[in-house]
Amino acid sequence: MRLALTALIIKEFQQTFRDKRMVGVLVVVPLLQLVVLGYSVNLDVNHVPTLVADEDRSVQSRELVAGLVAGDAFDQVGELATGQAALGAFEHGLASIVIVVPKGFGERVKRGAPAAVQVLVDGSDSNRAIVAQNAATAYMLGRAVALAQERIAQVARQRGFVPQIRPLRVEPRLLYNPALDSAIFFVPGVAATLLLIVTLIVTAMGLAREKESGTLEQVLVTPLTPTTLILGKTLPYAAIGLVDLGLVLAAGSWLFGVPLRGPLVVVFAAGLLYLLATLGLGLFLAAVVRNQQQALMAAFFVLLPGMLLSGFVTPIENMPTWLQPVTALNPVRHFVEVLRAVLLKGASFSDLTSQFVALAGIGITLFGAASYTLRRRLG
Amino acid sequence: MTAPGFAMEARDLRRSFGSERAVDGVTFGVRAGELYGLVGPDGAGKTTTVRMLVGLMAPDGGEVRLEAAGGAKAGSEAAREAVGYMPQQFSLYGDLSVGENLQFFGQLFGLTKTQRQERETRLLDVTRLGPFRDRRADALSGGMYKKLALACALLHHPKVLLLDEPTNGVDPVSRRELWDLLYEFVSEGMAVLLATPYMDEASRCHRVGLMHRGRLIAEDAPAALVRSFPHPALLLHATDRDGLERRLAGRPDVMALSPQGASLRVVVRASGQADFRAWFAAQVPDGTMEVVAPDFEDVFLGLSSAPREVAP
């Protein structure tokens with residue numbers, strides 16, 4: 001029934017583009033969300049508000065503190081008279097980290113005796129705390145090495161020889177995302193999630209609306225086959241989904257400098273399989289709900305685990321061992337992996353076989369199950 | 001039901017929702033060129049019956065055969081080609097125009113472009129919707145909307161037309177237009193089934209089936225049902241009409257009771273007529289009684305106070 005399918009597709013586009021809100025949902029909202037999420041989902045830890053309790057007030061202590069707050073990582077927001085006040089400062093949210101330099105620090109350094117610096121970290125935001133703690137520790141270690149070198153050189157000069165100091169040098173080189181820019185890492189995740197939201201909600205709501213308004217009955221009394229109906233209800237949104245994918249990638253490149261190092265065709269091939277899964281999920285929800293409200297509720301039940309278990313925000317390796325295999329069933333995870341690999345690393349089909357197999361398997365299963373359920377519910 | 005020439009036939013249809021038997025063994029048929037009325041109050045099971053006839057709901061028991069489609073079962077592709085259906089509730093795309101709705105459903109029925117244009121023009125003409133071709137369906141009045149729904153149901157020239165309360169929410173003028181259209185189609189040989197709670201509409205059908213609590217309690221031409229109705233209808237006048245109504249309400253020999261102007265219209269069981277007259281003369285001294293010819297509504301109300309439910 002080519003004619004009936006054409007009729008359904010034309011009708012779907014007529015309805016979609018006549019409804020200004022729908023155009024907003026399908027085109028404006030994805031871009032807006034990309035911008036908002038891209039700028040706000042930022043796990044870079046910079047400009048940590050820092051308080052200093054310099055109880056020593058020596059040249060050495062001032063040097064130590066000045067060096068710490070010189071970079072981007074720590075911003076000194078004030079001083080405390082003593083380390084005792086640190087707890088109060090955390091409770092009032094004045095600082096995330098407090099550096100306490102105890103009395104006698106400068107004297108001990110000069111003498112070459114062991115000296116201690118206390119670093120207090122507000123651990124309530126664990127990610128931020130770990131990053132801040134590591135940065136502070138690394139800085140302090142660097143200072144310690146510098147002090148040790150100075151001391152060795154001093155002793156060597158006193159004994160009359162030139163020291164040969166070659167400390168171990170670490171030279172890290174970051175690949176694919178050298179600036180460690182969160183946005184570049186997140187845009188692929190945001191793109192996958194947006195595609196899920198748009199296609200899932202629109203498909204589920206669209207069919208639920210036809211149920212609610214009674215139009216589905218009038219359609220079902222025509223000689224239309226269920227297959228035609230299912231295709232007519234998904235093909236238009238698959239097309240819109242692919243357009244959205246292009247839009248989001250273009251905006252990601254323009255706004256956040258997300259690169260495209262691999263072939264675009266891989267992205268769209270994976271996108272097509274991914275849409276098979278998301279549209280199938282939408283159809284399935286539409287088959288089991290009665291109205292648009294239920295469709296929306298059900299969609300949110302699916303969206304949240306879909307996003308959280310995708311490795312989009314938290315790495316899958318950090319999830320509990322029993323949960324990790326579950327993420328293999330999540331199409332979002334595989335699509336995010338494909339996007340990251342192609343965009344950032346320039347991967348091609350041959351590098352992504354397992355992801356493509358998984359996406360195809362999940363897509364065909366979901367779409368098949370949805371079609372079967374829908375046929376039974378409608379029949 | 002051995003009569004030949006049924007275009008559509010239902011045999012022993014049954015359907016329950018939970019423990020409630022919505023349709024409880026309904027058997028009837030509609031002939032080509034016949035206007036059949038499925039009549040009953042809300043909740044009698046009319047809509048459930050129609051939905052099973054059109055194939056939108058699977059019956060728990062029984063079957064629907066469409067002789068008009070070579071004996072196809074309801075809901076099969078052949079049956080859907082032969083049946084037109086106009087549901088009770090809104091069922092067209094409100095955000096599409098009159099013309100777009102007609103085009104869409106015409107395409108779903110597989111009509112060619114020429115067929116579509118020709119039928120659209122004719123249907124817009126007979127329904128007088130021509131000037132509103134570009135208006136959105138949800139901006140139509142109740143009557144115009146129903147006419148559009150009818151036009152959409154007629155696009156594929158069905159042999160059997162099923163209408164579920166088509167005049168619900170329609171103004172009197174549009175209502176008469178709808179009826180004129182129906183008579184026209186029936187005279188052309190279409191089999192039309194109409195579900196309605198209105199007795200005046202039922203009395204205009206060729207044959208009616210009275211539906212009550214999921215069962216067909218009587219079936220015949222409206223005039224024949226009235227003729228064969230054995231129980232008398234009485235018009236009672238009394239100064240205290242409401243008081244009289246209360247006293248009559250519980251009597252087993254009163255089969256139907258409804259106010260009519262300042263009077264009460266009652267249907268009294270034929271076997272108890274003499275006793276009732278005596279009681280009325282003794283108990284309502286200021287009252288008068290007038291025997292009237294039972295009308296179709298009396299018949300329906302009388303029959304639906306089914307004898308099996310009345311205490312002896």
# chains A, B, ... in the order shown; residues from 1 in each chain; ligands from 1
call {"tool": "residues_around", "arguments": {"residues": "segment 58-69 of chain A", "least_positions_apart": "5", "cutoff": "10 Å", "atoms": "only C-alpha atoms", "output": "PyMOL selection string"}}
result
chain A and resi 47-50+52-53+74-77+99-110+117+135-136+139-140+143
call {"tool": "interface_residues", "arguments": {"of": "chain A", "to": "chain B", "cutoff": "9 Å", "atoms": "only C-alpha atoms", "output": "list of chain:residue names"}}
result
A:Met1, A:Leu3, A:Ala4, A:Leu5, A:Thr6, A:Ala7, A:Leu8, A:Ile10, A:Lys11, A:Gln14, A:Gln15, A:Arg18, A:Asp19, A:Glu210, A:Ser213, A:Gly214, A:Thr215, A:Leu216, A:Glu217, A:Gln218, A:Val219, A:Leu220, A:Val221, A:Thr222, A:Pro223, A:Leu224, A:Thr225, A:Leu378, A:Gly379
call {"tool": "write_last_selection", "arguments": {"atoms": "N, CA and C atoms", "output": "CSV table (one decimal), in the first residue's frame"}}
result
chain,number,residue,atom,x,y,z
A,1,MET,N,0.8,-1.2,0.0
A,1,MET,CA,0.0,0.0,0.0
A,1,MET,C,0.9,1.3,0.0
A,3,LEU,N,0.3,4.0,-1.6
A,3,LEU,CA,-0.5,5.2,-1.6
A,3,LEU,C,-0.8,5.6,-0.1
A,4,ALA,N,-1.2,4.5,0.6
A,4,ALA,CA,-1.6,4.8,2.0
A,4,ALA,C,-0.5,5.3,2.8
A,5,LEU,N,0.7,4.7,2.6
A,5,LEU,CA,1.9,5.1,3.3
A,5,LEU,C,2.3,6.5,3.0
A,6,THR,N,2.2,6.9,1.7
A,6,THR,CA,2.5,8.3,1.3
A,6,THR,C,1.5,9.2,2.0
A,7,ALA,N,0.2,8.8,2.0
A,7,ALA,CA,-0.8,9.6,2.7
A,7,ALA,C,-0.5,9.8,4.1
A,8,LEU,N,-0.1,8.8,4.8
A,8,LEU,CA,0.2,8.9,6.3
A,8,LEU,C,1.4,9.8,6.5
A,10,ILE,N,2.6,12.2,4.5
A,10,ILE,CA,2.2,13.6,4.2
A,10,ILE,C,1.4,14.2,5.4
A,11,LYS,N,0.4,13.4,5.8
A,11,LYS,CA,-0.4,13.9,6.9
A,11,LYS,C,0.4,14.2,8.2
A,14,GLN,N,2.2,17.4,7.6
A,14,GLN,CA,1.2,18.5,7.6
A,14,GLN,C,0.9,18.9,9.1
A,15,GLN,N,0.6,17.9,9.9
A,15,GLN,CA,0.2,18.1,11.3
A,15,GLN,C,1.4,18.7,12.1
A,18,ARG,N,2.3,22.3,11.0
A,18,ARG,CA,1.3,23.3,11.2
A,18,ARG,C,1.2,23.7,12.7
A,19,ASP,N,1.7,22.8,13.5
A,19,ASP,CA,1.7,23.1,14.9
A,19,ASP,C,3.0,23.7,15.3
A,210,GLU,N,-3.5,10.1,18.8
A,210,GLU,CA,-4.5,9.5,17.9
A,210,GLU,C,-5.4,8.6,18.6
A,213,SER,N,-7.8,11.1,20.6
A,213,SER,CA,-8.7,11.9,19.9
A,213,SER,C,-9.6,11.0,19.0
A,214,GLY,N,-9.4,9.7,19.0
A,214,GLY,CA,-10.4,8.9,18.3
A,214,GLY,C,-10.0,8.7,16.9
A,215,THR,N,-9.0,9.4,16.4
A,215,THR,CA,-8.7,9.4,14.9
A,215,THR,C,-8.1,8.0,14.6
A,216,LEU,N,-7.5,7.3,15.6
A,216,LEU,CA,-6.9,6.0,15.3
A,216,LEU,C,-8.0,5.0,14.9
A,217,GLU,N,-9.1,5.1,15.5
A,217,GLU,CA,-10.2,4.2,15.2
A,217,GLU,C,-10.6,4.4,13.7
A,218,GLN,N,-10.8,5.7,13.3
A,218,GLN,CA,-11.2,6.0,11.9
A,218,GLN,C,-10.1,5.5,10.9
A,219,VAL,N,-8.9,5.5,11.4
A,219,VAL,CA,-7.8,5.0,10.5
A,219,VAL,C,-7.9,3.5,10.4
A,220,LEU,N,-8.2,2.9,11.6
A,220,LEU,CA,-8.1,1.4,11.7
A,220,LEU,C,-9.3,0.7,11.0
A,221,VAL,N,-10.4,1.5,10.7
A,221,VAL,CA,-11.5,0.8,9.9
A,221,VAL,C,-11.2,0.9,8.4
A,222,THR,N,-10.1,1.6,8.0
A,222,THR,CA,-9.8,1.6,6.6
A,222,THR,C,-9.0,0.3,6.3
A,223,PRO,N,-8.8,-0.1,5.1
A,223,PRO,CA,-8.1,-1.4,4.8
A,223,PRO,C,-6.6,-1.2,5.0
A,224,LEU,N,-6.1,-0.3,5.8
A,224,LEU,CA,-4.7,-0.1,6.0
A,224,LEU,C,-4.1,-1.3,6.8
A,225,THR,N,-2.9,-1.7,6.4
A,225,THR,CA,-2.3,-2.8,7.1
A,225,THR,C,-1.5,-2.2,8.3
A,378,LEU,N,-3.9,-3.4,18.5
A,378,LEU,CA,-4.8,-2.8,17.5
A,378,LEU,C,-5.7,-3.8,16.9
A,379,GLY,N,-5.2,-5.0,16.7
A,379,GLY,CA,-6.0,-6.1,16.1
A,379,GLY,C,-7.2,-6.4,17.0
call {"tool": "atom_distance", "arguments": {"atom1": "atom CA of Ala69 of chain B", "atom2": "atom CA of Arg215 of chain B"}}
result
26.5 Å
call {"tool": "atom_distance", "arguments": {"atom1": "atom CA of Asn168 of chain B", "atom2": "atom CA of Phe6 of chain B"}}
result
27.5 Å
call {"tool": "closest_residue", "arguments": {"among": "A:Leu283, A:Ala369, A:Leu359, A:Leu194", "to": "Val28 of chain A", "atoms": "only C-alpha atoms"}}
result
A:Leu194
